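Enquirer: Take a look at final_35.txt, compact mmCIF, C-alpha atoms:
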```
# COMPACT_ATOMS: atom_id res chain seq x y z
CA MET T 21 127.06 61.17 147.37
CA ARG T 22 125.16 59.44 150.14
CA LEU T 23 122.79 57.90 147.59
CA LEU T 24 125.77 56.58 145.66
CA ARG T 25 127.19 54.99 148.81
CA VAL T 26 123.83 53.36 149.61
CA ALA T 27 123.50 52.09 146.04
CA ALA T 28 127.02 50.67 146.18
CA ALA T 29 126.27 48.93 149.47
CA LEU T 30 123.07 47.41 148.08
CA ALA T 31 124.91 46.24 144.98
CA CYS T 32 127.54 44.59 147.14
CA ILE T 33 124.86 42.78 149.15
CA SER T 34 123.11 41.48 146.05
CA LEU T 35 126.32 40.42 144.32
CA CYS T 36 128.28 39.12 147.27
CA PHE T 37 125.56 37.25 149.16
CA PRO T 38 125.36 34.22 146.83
CA VAL T 39 129.12 33.74 147.12
CA GLN T 40 129.02 34.08 150.89
CA ALA T 41 126.09 31.65 151.10
CA GLN T 42 127.96 29.17 148.94
CA GLN T 43 131.05 29.40 151.12
CA THR T 44 129.11 28.91 154.36
CA ALA T 45 126.74 26.19 153.11
CA PRO T 46 126.75 23.32 155.63
CA ARG T 47 129.07 20.48 154.72
CA PRO T 48 128.55 17.89 157.47
CA LEU T 49 131.29 15.60 156.13
CA ALA T 50 133.97 18.24 155.54
CA GLY T 51 137.39 17.03 156.58
CA GLN T 52 136.15 13.44 156.96
CA THR T 53 137.01 10.26 155.05
CA VAL T 54 134.01 8.65 153.35
CA THR T 55 134.35 4.99 152.40
CA ILE T 56 132.11 3.71 149.62
CA VAL T 57 131.90 -0.07 149.76
CA GLU T 58 131.10 -2.02 146.60
CA PRO T 59 131.03 -5.79 145.94
CA PHE T 60 132.06 -6.18 142.29
CA GLY T 61 135.72 -5.24 142.06
CA PRO T 62 137.92 -3.00 139.89
CA GLY T 63 136.68 -2.59 136.33
CA SER T 64 133.08 -3.42 137.16
CA VAL T 65 130.29 -1.04 136.19
CA THR T 66 129.75 -0.07 139.83
CA GLU T 67 133.42 0.58 140.58
CA THR T 68 133.86 2.52 137.32
CA VAL T 69 130.89 4.78 138.11
CA LEU T 70 132.35 5.49 141.56
CA ARG T 71 135.75 6.36 140.13
CA LEU T 72 134.13 8.81 137.71
CA LEU T 73 132.12 10.51 140.46
CA LYS T 74 134.84 10.51 143.12
CA PRO T 75 136.61 13.83 142.27
CA GLY T 76 133.39 15.84 142.04
CA MET T 77 131.93 14.34 145.19
CA GLU T 78 135.14 15.01 147.13
CA GLN T 79 135.09 18.65 146.06
CA SER T 80 131.43 19.10 146.98
CA LEU T 81 131.68 17.35 150.36
CA GLY T 82 135.11 18.67 151.31
CA ALA T 83 135.88 15.06 152.18
CA THR T 84 138.24 12.32 151.04
CA ILE T 85 136.50 9.38 149.37
CA GLN T 86 137.88 5.86 149.45
CA ILE T 87 136.44 3.07 147.30
CA ARG T 88 136.65 -0.32 148.97
CA THR T 89 135.72 -3.69 147.48
CA GLU T 90 134.16 -6.32 149.73
CA ARG T 91 133.82 -9.06 147.17
CA SER T 92 131.22 -11.82 147.35
CA PRO T 93 129.09 -13.39 144.58
CA ASP T 94 125.85 -12.14 146.14
CA GLY T 95 127.15 -8.78 147.37
CA SER T 96 126.34 -9.69 150.97
CA LYS T 97 129.76 -8.79 152.44
CA ALA T 98 129.54 -5.21 151.24
CA PHE T 99 125.92 -4.97 152.34
CA GLU T 100 126.61 -6.30 155.83
CA ARG T 101 129.62 -4.01 156.33
CA VAL T 102 127.51 -0.93 155.59
CA ALA T 103 124.51 -2.23 157.55
CA ALA T 104 126.74 -2.43 160.65
CA ALA T 105 128.33 1.01 160.12
CA LYS T 106 127.50 4.13 162.12
CA PRO T 107 124.78 6.21 160.43
CA ASP T 108 127.05 9.23 160.06
CA GLY T 109 127.47 9.24 156.26
CA ARG T 110 131.07 8.07 156.42
CA THR T 111 130.34 4.55 155.13
CA LEU T 112 128.19 4.09 152.03
CA LEU T 113 127.03 1.17 149.90
CA ALA T 114 127.24 1.20 146.10
CA ILE T 115 125.60 -1.76 144.45
CA THR T 116 123.38 -2.65 141.52
CA ASP T 117 119.82 -2.66 142.77
CA ALA T 118 118.88 -5.93 141.09
CA ALA T 119 121.89 -7.74 142.58
CA ARG T 120 120.69 -7.16 146.12
CA LEU T 121 116.97 -7.49 145.40
CA PHE T 122 117.45 -10.81 143.59
CA TYR T 123 119.39 -12.04 146.63
CA GLU T 124 116.64 -10.92 149.00
CA PHE T 125 113.99 -12.64 146.90
CA LEU T 126 115.94 -15.91 146.69
CA THR T 127 117.01 -16.09 150.35
CA ALA T 128 115.70 -15.35 153.80
CA ALA T 129 117.75 -12.17 154.14
CA LYS T 130 117.05 -10.58 157.51
CA VAL T 131 118.10 -7.04 156.60
CA LYS T 132 116.46 -5.51 153.53
CA LEU T 133 117.88 -2.88 151.22
CA GLU T 134 114.71 -0.81 151.67
CA THR T 135 115.72 -0.17 155.31
CA PHE T 136 118.86 1.69 154.19
CA THR T 137 118.88 5.45 153.62
CA PRO T 138 118.62 6.13 149.87
CA VAL T 139 121.12 8.61 148.47
CA ALA T 140 120.95 8.45 144.67
CA LYS T 141 120.40 6.36 141.58
CA LEU T 142 123.54 6.83 139.50
CA THR T 143 122.79 5.13 136.16
CA ASP T 144 119.96 4.16 133.91
CA GLY T 145 119.26 0.46 133.50
CA VAL T 146 122.18 -1.69 132.34
CA SER T 147 121.38 -4.96 130.59
CA LEU T 148 123.46 -8.13 130.79
CA ALA T 149 124.82 -9.87 127.71
CA LEU T 150 125.55 -13.53 127.06
CA VAL T 151 128.81 -13.44 125.09
CA ALA T 152 131.26 -15.73 123.32
CA PRO T 153 134.95 -15.30 122.45
CA ALA T 154 135.81 -14.16 118.94
CA ALA T 155 137.11 -17.63 118.04
CA SER T 156 133.93 -19.44 119.10
CA PRO T 157 132.21 -21.47 116.35
CA VAL T 158 128.87 -20.56 117.96
CA ARG T 159 127.60 -17.54 116.05
CA ASP T 160 124.23 -16.85 117.65
CA TYR T 161 121.79 -17.86 120.38
CA GLY T 162 120.15 -20.49 118.20
CA GLN T 163 123.44 -22.35 117.87
CA LEU T 164 124.09 -22.02 121.59
CA ARG T 165 120.70 -23.50 122.38
CA SER T 166 121.41 -26.40 120.00
CA MET T 167 124.74 -26.96 121.77
CA LEU T 168 123.04 -27.09 125.15
CA GLN T 169 120.34 -29.44 123.89
CA ALA T 170 123.02 -31.73 122.50
CA MET T 171 124.39 -31.89 126.06
CA LYS T 172 127.75 -30.40 125.13
CA ARG T 173 127.78 -28.68 128.56
CA PRO T 174 129.87 -25.60 127.61
CA THR T 175 131.74 -23.73 130.33
CA LEU T 176 130.40 -20.40 131.58
CA ALA T 177 132.07 -17.49 133.38
CA LEU T 178 129.78 -15.26 135.46
CA TYR T 179 129.51 -13.39 138.72
CA GLY T 180 127.59 -15.93 140.81
CA ALA T 181 124.64 -18.30 140.84
CA GLY T 182 122.47 -16.06 143.02
CA SER T 183 123.38 -12.90 141.12
CA PRO T 184 121.40 -11.43 138.20
CA ALA T 185 123.93 -13.11 135.91
CA GLY T 186 123.09 -16.45 137.56
CA VAL T 187 119.38 -15.85 137.07
CA PHE T 188 120.02 -14.93 133.43
CA ALA T 189 121.93 -18.21 132.95
CA ALA T 190 119.17 -20.20 134.66
CA VAL T 191 116.50 -18.73 132.37
CA VAL T 192 118.59 -19.65 129.32
CA GLU T 193 118.99 -23.18 130.70
CA ASP T 194 115.24 -23.48 131.30
CA HIS T 195 114.55 -22.37 127.74
CA ALA T 196 117.01 -24.92 126.34
CA SER T 197 115.99 -27.64 128.85
CA GLU T 198 119.67 -28.30 129.48
CA ARG T 199 122.44 -26.86 131.65
CA PHE T 200 125.83 -25.29 131.17
CA GLY T 201 128.81 -27.28 132.41
CA GLU T 202 131.59 -25.96 134.65
CA ARG T 203 131.12 -22.41 135.92
CA PHE T 204 133.81 -19.89 136.80
CA ILE T 205 132.64 -17.40 139.43
CA GLU T 206 134.63 -14.25 138.69
CA THR T 207 134.56 -10.46 138.43
CA ASP T 208 133.93 -8.62 135.17
CA ALA T 209 137.65 -8.06 134.56
CA GLU T 210 138.42 -11.73 135.21
CA ILE T 211 135.61 -12.85 132.91
CA LEU T 212 136.94 -10.62 130.13
CA ALA T 213 140.44 -12.03 130.59
CA ARG T 214 139.20 -15.63 130.63
CA LEU T 215 137.17 -15.17 127.46
CA ALA T 216 140.04 -13.39 125.72
CA ALA T 217 142.34 -16.31 126.57
CA GLY T 218 139.82 -18.88 125.33
CA LYS T 219 139.50 -20.41 128.81
CA ALA T 220 135.70 -20.31 128.88
CA ASP T 221 133.15 -21.07 126.18
CA PHE T 222 130.75 -18.31 127.20
CA GLY T 223 130.40 -15.51 129.70
CA ILE T 224 127.79 -13.15 131.10
CA LEU T 225 128.80 -9.48 131.33
CA PRO T 226 127.12 -6.11 131.75
CA THR T 227 126.80 -4.50 128.33
CA PRO T 228 129.21 -1.63 129.22
CA ALA T 229 131.95 -4.22 129.85
CA LEU T 230 131.22 -5.83 126.48
CA LEU T 231 131.12 -2.50 124.63
CA GLY T 232 134.07 -0.95 126.46
CA LYS T 233 137.69 -0.99 125.34
CA ALA T 234 138.52 -4.49 126.61
CA GLY T 235 135.42 -6.07 125.10
CA GLN T 236 135.97 -4.37 121.77
CA ALA T 237 139.68 -5.17 121.72
CA ASN T 238 138.96 -8.86 122.18
CA LYS T 239 136.07 -8.83 119.69
CA LEU T 240 133.69 -10.58 122.03
CA ARG T 241 130.39 -11.47 120.40
CA ALA T 242 127.02 -10.98 122.08
CA MET T 243 124.24 -13.48 121.44
CA LEU T 244 121.56 -12.39 123.87
CA THR T 245 120.76 -9.51 126.24
CA SER T 246 118.54 -9.29 129.33
CA GLY T 247 116.78 -5.99 128.65
CA ALA T 248 113.20 -5.47 127.53
CA ARG T 249 114.46 -3.84 124.31
CA ARG T 250 117.48 -4.39 122.11
CA HIS T 251 120.52 -2.39 123.12
CA LYS T 252 121.05 0.62 120.86
CA ASN T 253 124.67 -0.43 120.30
CA LEU T 254 123.69 -4.05 119.65
CA PRO T 255 120.74 -3.76 117.25
CA ASP T 256 121.23 -7.25 115.80
CA VAL T 257 121.34 -9.02 119.19
CA PRO T 258 117.95 -10.32 120.38
CA THR T 259 116.67 -10.08 123.92
CA LEU T 260 115.81 -12.99 126.18
CA SER T 261 112.14 -12.05 126.04
CA GLU T 262 112.27 -12.07 122.23
CA VAL T 263 113.69 -15.58 121.90
CA THR T 264 111.46 -17.05 124.61
CA GLY T 265 108.30 -15.11 123.69
CA LYS T 266 107.84 -14.16 127.35
CA ASN T 267 107.90 -10.44 128.12
CA ALA T 268 108.39 -11.07 131.84
CA LEU T 269 111.83 -12.55 131.18
CA SER T 270 113.65 -9.24 131.01
CA PHE T 271 115.50 -7.06 133.50
CA THR T 272 118.27 -4.48 133.84
CA LEU T 273 120.48 -3.29 136.68
CA ALA T 274 121.11 0.24 137.94
CA VAL T 275 124.02 1.42 140.08
CA VAL T 276 122.62 2.90 143.28
CA LEU T 277 124.07 4.57 146.37
CA PHE T 278 122.84 4.09 149.94
CA ALA T 279 123.83 5.22 153.43
CA PRO T 280 123.24 3.05 156.51
CA PRO T 281 119.79 2.92 158.11
CA GLY T 282 119.13 5.94 160.30
CA THR T 283 121.47 8.37 158.56
CA PRO T 284 120.33 11.95 159.38
CA LYS T 285 118.58 13.79 156.59
CA PRO T 286 121.07 16.70 156.38
CA VAL T 287 123.89 14.21 155.85
CA ALA T 288 121.92 12.20 153.27
CA ASP T 289 120.95 15.41 151.47
CA ALA T 290 124.59 16.54 151.32
CA LEU T 291 125.56 13.18 149.79
CA THR T 292 122.72 13.40 147.26
CA GLN T 293 123.74 16.92 146.24
CA ALA T 294 127.37 15.86 145.91
CA ALA T 295 126.45 12.95 143.63
CA ALA T 296 124.24 15.24 141.53
CA GLY T 297 126.97 17.80 141.05
CA ALA T 298 129.59 15.20 140.22
CA ALA T 299 127.35 13.50 137.65
CA ALA T 300 126.55 16.83 135.96
CA ALA T 301 130.19 17.78 135.40
CA ASP T 302 131.17 17.86 131.72
CA GLN T 303 134.34 15.87 132.37
CA THR T 304 132.39 13.14 134.14
CA LYS T 305 129.80 12.93 131.37
CA ALA T 306 132.48 12.71 128.71
CA ALA T 307 134.28 9.92 130.58
CA ALA T 308 131.01 8.03 131.05
CA GLN T 309 130.22 8.31 127.36
CA ALA T 310 133.67 6.99 126.46
CA ALA T 311 133.08 4.02 128.81
CA VAL T 312 129.63 3.39 127.29
CA LEU T 313 128.09 3.92 130.73
CA PRO T 314 124.53 5.27 130.97
CA LEU T 315 125.39 7.68 133.79
CA ALA T 316 122.16 9.38 134.89
CA PHE T 317 121.73 10.90 138.34
CA ARG T 318 118.32 10.52 139.99
CA ASP T 319 117.46 11.55 143.54
CA ALA T 320 116.42 9.45 146.53
CA GLU T 321 112.71 9.62 145.72
CA VAL T 322 113.27 8.23 142.23
CA LEU T 323 115.54 5.57 143.71
CA ARG T 324 112.70 4.39 145.98
CA ALA T 325 110.34 4.16 143.00
CA THR T 326 112.97 2.31 140.96
CA MET T 327 113.43 -0.26 143.71
CA ALA T 328 109.69 -0.88 143.90
CA ARG T 329 109.59 -1.39 140.13
CA THR T 330 112.60 -3.72 140.21
CA GLN T 331 110.96 -5.79 142.94
CA ARG T 332 107.86 -6.19 140.77
CA VAL T 333 110.01 -7.29 137.81
CA ILE T 334 111.83 -9.85 139.97
CA ARG T 335 108.54 -11.28 141.28
CA ASP T 336 107.23 -11.60 137.72
CA LEU T 337 110.48 -13.16 136.57
CA LEU T 338 110.96 -15.69 139.38
CA THR T 339 107.44 -16.56 140.49
CA PRO T 340 106.22 -19.71 138.70
```
Have the structure of the file written as structure tokens, please.
Expert:
Amino acid sequence: MRLLRVAAALACISLCFPVQAQQTAPRPLAGQTVTIVEPFGPGSVTETVLRLLKPGMEQSLGATIQIRTERSPDGSKAFERVAAAKPDGRTLLAITDAARLFYEFLTAAKVKLETFTPVAKLTDGVSLALVAPAASPVRDYGQLRSMLQAMKRPTLALYGAGSPAGVFAAVVEDHASERFGERFIETDAEILARLAAGKADFGILPTPALLGKAGQANKLRAMLTSGARRHKNLPDVPTLSEVTGKNALSFTLAVVLFAPPGTPKPVADALTQAAAGAAAADQTKAAAQAAVLPLAFRDAEVLRATMARTQRVIRDLLTP
């Protein structure tokens, strides 16, 4: 009988311990409100990724997550808000890596993204697409280039001159040796609406926005993408490097998550684990697939390597 009692006790220890450990695992942000600041607005790739991850991250952290937009064409308002925040994990920055790194390359930015505490890389690379409304007589990039060279000066909707979209437009202009005309600096949702209403000749959008429900409903047509390879959903659309013959003229963006400089490691680790768990949930993956989003969690170490690679690409792209 005594042996049976001992065996039962040992069984209880082996079976119950993992549950007890899970229940008492440290959650440094439990009961807190975590604000994730992003610069691109509702409907953007970044904001959509955050909305998909929010329920799983809240459950893992035991915290309430708020998504706040601090809109500016170069993302600097969001960046500065998080840079000035306390390093307690309660204020985070979500941004596309290339958006900030392009800005840092093109300006004398005093605070660098590399000084922030990396949390996670949330997507694979997302290419940009140069698109036209369904009613446009311009059917492909060759016709667009001819239009530019004829000095027709078509209007263009994009996210900002110093943004990756602005760089994409500038490379197209350099290749055509002529410029677009009036530019509308808007968010992804506003660009989609403008193109659908025929109020802009062309626009530059992330490929998920083009391939999502709104882009498909309005039958927008892609003529060019920014990636090194053709998008798997756009096999007939050439890349910028293809039409120019210059391999260096290609780039993508990834949605990344950072905490302020100096955030303690246990807090950063808890945020990383929460993002990983949220991204792995079947419901999240299904929603990302439906939104044509390349959701792909990578940890802080991979994020550092990705940033270094993106910086090399930007130097190759923008250095004469």
Enquirer: When you look at segment 217-225 of chain T with a cut-off of 7 Å (counting all atoms listed in the file), what residues show up, excluding the ones that are within fewer than 2 positions of it in the same chain? I need them as an MDAnalysis selection string.
Expert: chainID T and resid 148:153 174:178 185 208 211 213:215 227 229:230
Enquirer: Put those residues in a file: C-alpha atoms, as a PDB file, in the coordinates of the input.
Expert:
```pdb
ATOM      1  CA  LEU T 148     123.460  -8.130 130.790  1.00  0.00           C
ATOM      2  CA  ALA T 149     124.820  -9.870 127.710  1.00  0.00           C
ATOM      3  CA  LEU T 150     125.550 -13.530 127.060  1.00  0.00           C
ATOM      4  CA  VAL T 151     128.810 -13.440 125.090  1.00  0.00           C
ATOM      5  CA  ALA T 152     131.260 -15.730 123.320  1.00  0.00           C
ATOM      6  CA  PRO T 153     134.950 -15.300 122.450  1.00  0.00           C
ATOM      7  CA  PRO T 174     129.870 -25.600 127.610  1.00  0.00           C
ATOM      8  CA  THR T 175     131.740 -23.730 130.330  1.00  0.00           C
ATOM      9  CA  LEU T 176     130.400 -20.400 131.580  1.00  0.00           C
ATOM     10  CA  ALA T 177     132.070 -17.490 133.380  1.00  0.00           C
ATOM     11  CA  LEU T 178     129.780 -15.260 135.460  1.00  0.00           C
ATOM     12  CA  ALA T 185     123.930 -13.110 135.910  1.00  0.00           C
ATOM     13  CA  ASP T 208     133.930  -8.620 135.170  1.00  0.00           C
ATOM     14  CA  ILE T 211     135.610 -12.850 132.910  1.00  0.00           C
ATOM     15  CA  ALA T 213     140.440 -12.030 130.590  1.00  0.00           C
ATOM     16  CA  ARG T 214     139.200 -15.630 130.630  1.00  0.00           C
ATOM     17  CA  LEU T 215     137.170 -15.170 127.460  1.00  0.00           C
ATOM     18  CA  THR T 227     126.800  -4.500 128.330  1.00  0.00           C
ATOM     19  CA  ALA T 229     131.950  -4.220 129.850  1.00  0.00           C
ATOM     20  CA  LEU T 230     131.220  -5.830 126.480  1.00  0.00           C
TER      21      LEU T 230
END
```
Enquirer: Of the candidates T:Ser96, T:Thr143, T:Thr89, T:Gln52, which one gets nearest to Val276 of chain T if we count all atoms listed in the file?
Expert: T:Thr143
Enquirer: One number please: atom CA of Leu277 of chain T to atom CA of Ala114 of chain T, in Å, one decimal.
Expert: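 Value for the atom CA of Leu277 of chain T-atom CA of Ala114 of chain T distance: 4.6 Å.
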Enquirer: Here is a test: counting all atoms listed in the file, which residue of T:Gln86, T:Ser92, T:Gln163, T:Thr68 is nearest to Thr111 of chain T?
Expert: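 Between T:Gln86, T:Ser92, T:Gln163, T:Thr68, the residue approaching Thr111 of chain T most closely is T:Gln86.
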Enquirer: Could you name the residues that touch Arg250 of chain T at 12 Å or less, counting all atoms listed in the file, but leaving out those on the same chain fewer than 3 positions away, as number ranges by chain?
Expert: T: 146-149, 227, 242-247, 253-263, 270-272
Enquirer: Could you check how far atom CA of Ala154 of chain T sits from atom CA of Ala307 of chain T, in Å to one decimal?
Expert: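 Between these atoms lies a distance of 26.8 Å.
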Enquirer: Need the shell around Asp94 of chain T: protein/DNA/RNA residues with any atom at most 9 Å away, counting only C-alpha atoms. Skip same-chain ones fewer than 3 positions apart. Format as a list of chain:residue names?
Expert: T:Pro59, T:Arg91, T:Lys97, T:Ala119, T:Arg120, T:Phe122, T:Tyr123, T:Tyr179, T:Gly180, T:Ala181, T:Gly182, T:Ser183
Enquirer: Report, in Å with one decimal, the straight-line distance from atom CA of Phe136 of chain T to atom CA of Met77 of chain T.
Expert: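 One can read the atom CA of Phe136 of chain T to atom CA of Met77 of chain T distance as 20.3 Å.
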Enquirer: I need the residue nearest Glu198 of chain T from this list: T:Met167, T:Glu210, T:Thr304, T:Leu313. Use only C-alpha atoms for the distance.
Expert: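 Result for the nearest residue to Glu198 of chain T: T:Met167.
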Enquirer: Select, counting all atoms listed in the file, all protein, DNA and RNA residues no farther than 12 Å from (131.6, 6.7, 143.2) in file coordinates, and express the selection as a tab-separated table (two decimals) with C-alpha atoms, in the frame of the given file.
Expert:
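Generated file (part_36.tsv):
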```
chain	number	residue	atom	x	y	z
T	54	VAL	CA	134.01	8.65	153.35
T	55	THR	CA	134.35	4.99	152.40
T	56	ILE	CA	132.11	3.71	149.62
T	57	VAL	CA	131.90	-0.07	149.76
T	58	GLU	CA	131.10	-2.02	146.60
T	64	SER	CA	133.08	-3.42	137.16
T	65	VAL	CA	130.29	-1.04	136.19
T	66	THR	CA	129.75	-0.07	139.83
T	67	GLU	CA	133.42	0.58	140.58
T	68	THR	CA	133.86	2.52	137.32
T	69	VAL	CA	130.89	4.78	138.11
T	70	LEU	CA	132.35	5.49	141.56
T	71	ARG	CA	135.75	6.36	140.13
T	72	LEU	CA	134.13	8.81	137.71
T	73	LEU	CA	132.12	10.51	140.46
T	74	LYS	CA	134.84	10.51	143.12
T	75	PRO	CA	136.61	13.83	142.27
T	76	GLY	CA	133.39	15.84	142.04
T	77	MET	CA	131.93	14.34	145.19
T	78	GLU	CA	135.14	15.01	147.13
T	84	THR	CA	138.24	12.32	151.04
T	85	ILE	CA	136.50	9.38	149.37
T	86	GLN	CA	137.88	5.86	149.45
T	87	ILE	CA	136.44	3.07	147.30
T	88	ARG	CA	136.65	-0.32	148.97
T	89	THR	CA	135.72	-3.69	147.48
T	112	LEU	CA	128.19	4.09	152.03
T	113	LEU	CA	127.03	1.17	149.90
T	114	ALA	CA	127.24	1.20	146.10
T	115	ILE	CA	125.60	-1.76	144.45
T	139	VAL	CA	121.12	8.61	148.47
T	140	ALA	CA	120.95	8.45	144.67
T	141	LYS	CA	120.40	6.36	141.58
T	142	LEU	CA	123.54	6.83	139.50
T	143	THR	CA	122.79	5.13	136.16
T	275	VAL	CA	124.02	1.42	140.08
T	276	VAL	CA	122.62	2.90	143.28
T	277	LEU	CA	124.07	4.57	146.37
T	278	PHE	CA	122.84	4.09	149.94
T	291	LEU	CA	125.56	13.18	149.79
T	292	THR	CA	122.72	13.40	147.26
T	294	ALA	CA	127.37	15.86	145.91
T	295	ALA	CA	126.45	12.95	143.63
T	296	ALA	CA	124.24	15.24	141.53
T	298	ALA	CA	129.59	15.20	140.22
T	299	ALA	CA	127.35	13.50	137.65
T	304	THR	CA	132.39	13.14	134.14
T	315	LEU	CA	125.39	7.68	133.79
T	317	PHE	CA	121.73	10.90	138.34
```
Enquirer: Which one of T:Pro48, T:Pro184, T:Pro93, T:Gly63 sits closest to Ile334 of chain T if you count only C-alpha atoms?
Expert: T:Pro184
Enquirer: Output segment 116-134 of chain T as a tab-separated table (two decimals), in the frame of the given file, making sure N, CA and C atoms are there.
Expert:
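Full text of result10.tsv as output:
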```tsv
chain	number	residue	atom	x	y	z
T	116	THR	N	124.46	-2.67	142.51
T	116	THR	CA	123.38	-2.65	141.52
T	116	THR	C	122.11	-3.12	142.22
T	117	ASP	N	121.04	-2.38	142.01
T	117	ASP	CA	119.82	-2.66	142.77
T	117	ASP	C	119.35	-4.10	142.58
T	118	ALA	N	119.37	-4.58	141.35
T	118	ALA	CA	118.88	-5.93	141.09
T	118	ALA	C	119.72	-6.99	141.79
T	119	ALA	N	121.03	-6.75	141.93
T	119	ALA	CA	121.89	-7.74	142.58
T	119	ALA	C	121.41	-8.02	144.00
T	120	ARG	N	121.15	-6.96	144.75
T	120	ARG	CA	120.69	-7.16	146.12
T	120	ARG	C	119.26	-7.65	146.18
T	121	LEU	N	118.39	-7.12	145.33
T	121	LEU	CA	116.97	-7.49	145.40
T	121	LEU	C	116.73	-8.92	144.93
T	122	PHE	N	117.52	-9.39	143.96
T	122	PHE	CA	117.45	-10.81	143.59
T	122	PHE	C	117.83	-11.67	144.79
T	123	TYR	N	118.92	-11.28	145.47
T	123	TYR	CA	119.39	-12.04	146.63
T	123	TYR	C	118.31	-12.08	147.71
T	124	GLU	N	117.68	-10.95	147.97
T	124	GLU	CA	116.64	-10.92	149.00
T	124	GLU	C	115.44	-11.77	148.62
T	125	PHE	N	115.12	-11.83	147.35
T	125	PHE	CA	113.99	-12.64	146.90
T	125	PHE	C	114.31	-14.13	147.02
T	126	LEU	N	115.56	-14.50	146.74
T	126	LEU	CA	115.94	-15.91	146.69
T	126	LEU	C	116.35	-16.48	148.04
T	127	THR	N	116.55	-15.62	149.04
T	127	THR	CA	117.01	-16.09	150.35
T	127	THR	C	116.14	-15.48	151.45
T	128	ALA	N	116.42	-15.91	152.64
T	128	ALA	CA	115.70	-15.35	153.80
T	128	ALA	C	116.54	-14.25	154.43
T	129	ALA	N	116.91	-13.27	153.63
T	129	ALA	CA	117.75	-12.17	154.14
T	129	ALA	C	117.01	-11.42	155.24
T	130	LYS	N	117.69	-11.23	156.37
T	130	LYS	CA	117.05	-10.58	157.51
T	130	LYS	C	117.00	-9.06	157.35
T	131	VAL	N	118.05	-8.49	156.78
T	131	VAL	CA	118.10	-7.04	156.60
T	131	VAL	C	117.83	-6.73	155.13
T	132	LYS	N	116.88	-5.83	154.89
T	132	LYS	CA	116.46	-5.51	153.53
T	132	LYS	C	117.09	-4.19	153.08
T	133	LEU	N	117.32	-4.10	151.78
T	133	LEU	CA	117.88	-2.88	151.22
T	133	LEU	C	116.96	-1.68	151.47
T	134	GLU	N	115.66	-1.91	151.51
T	134	GLU	CA	114.71	-0.81	151.67
T	134	GLU	C	114.83	-0.15	153.05
```
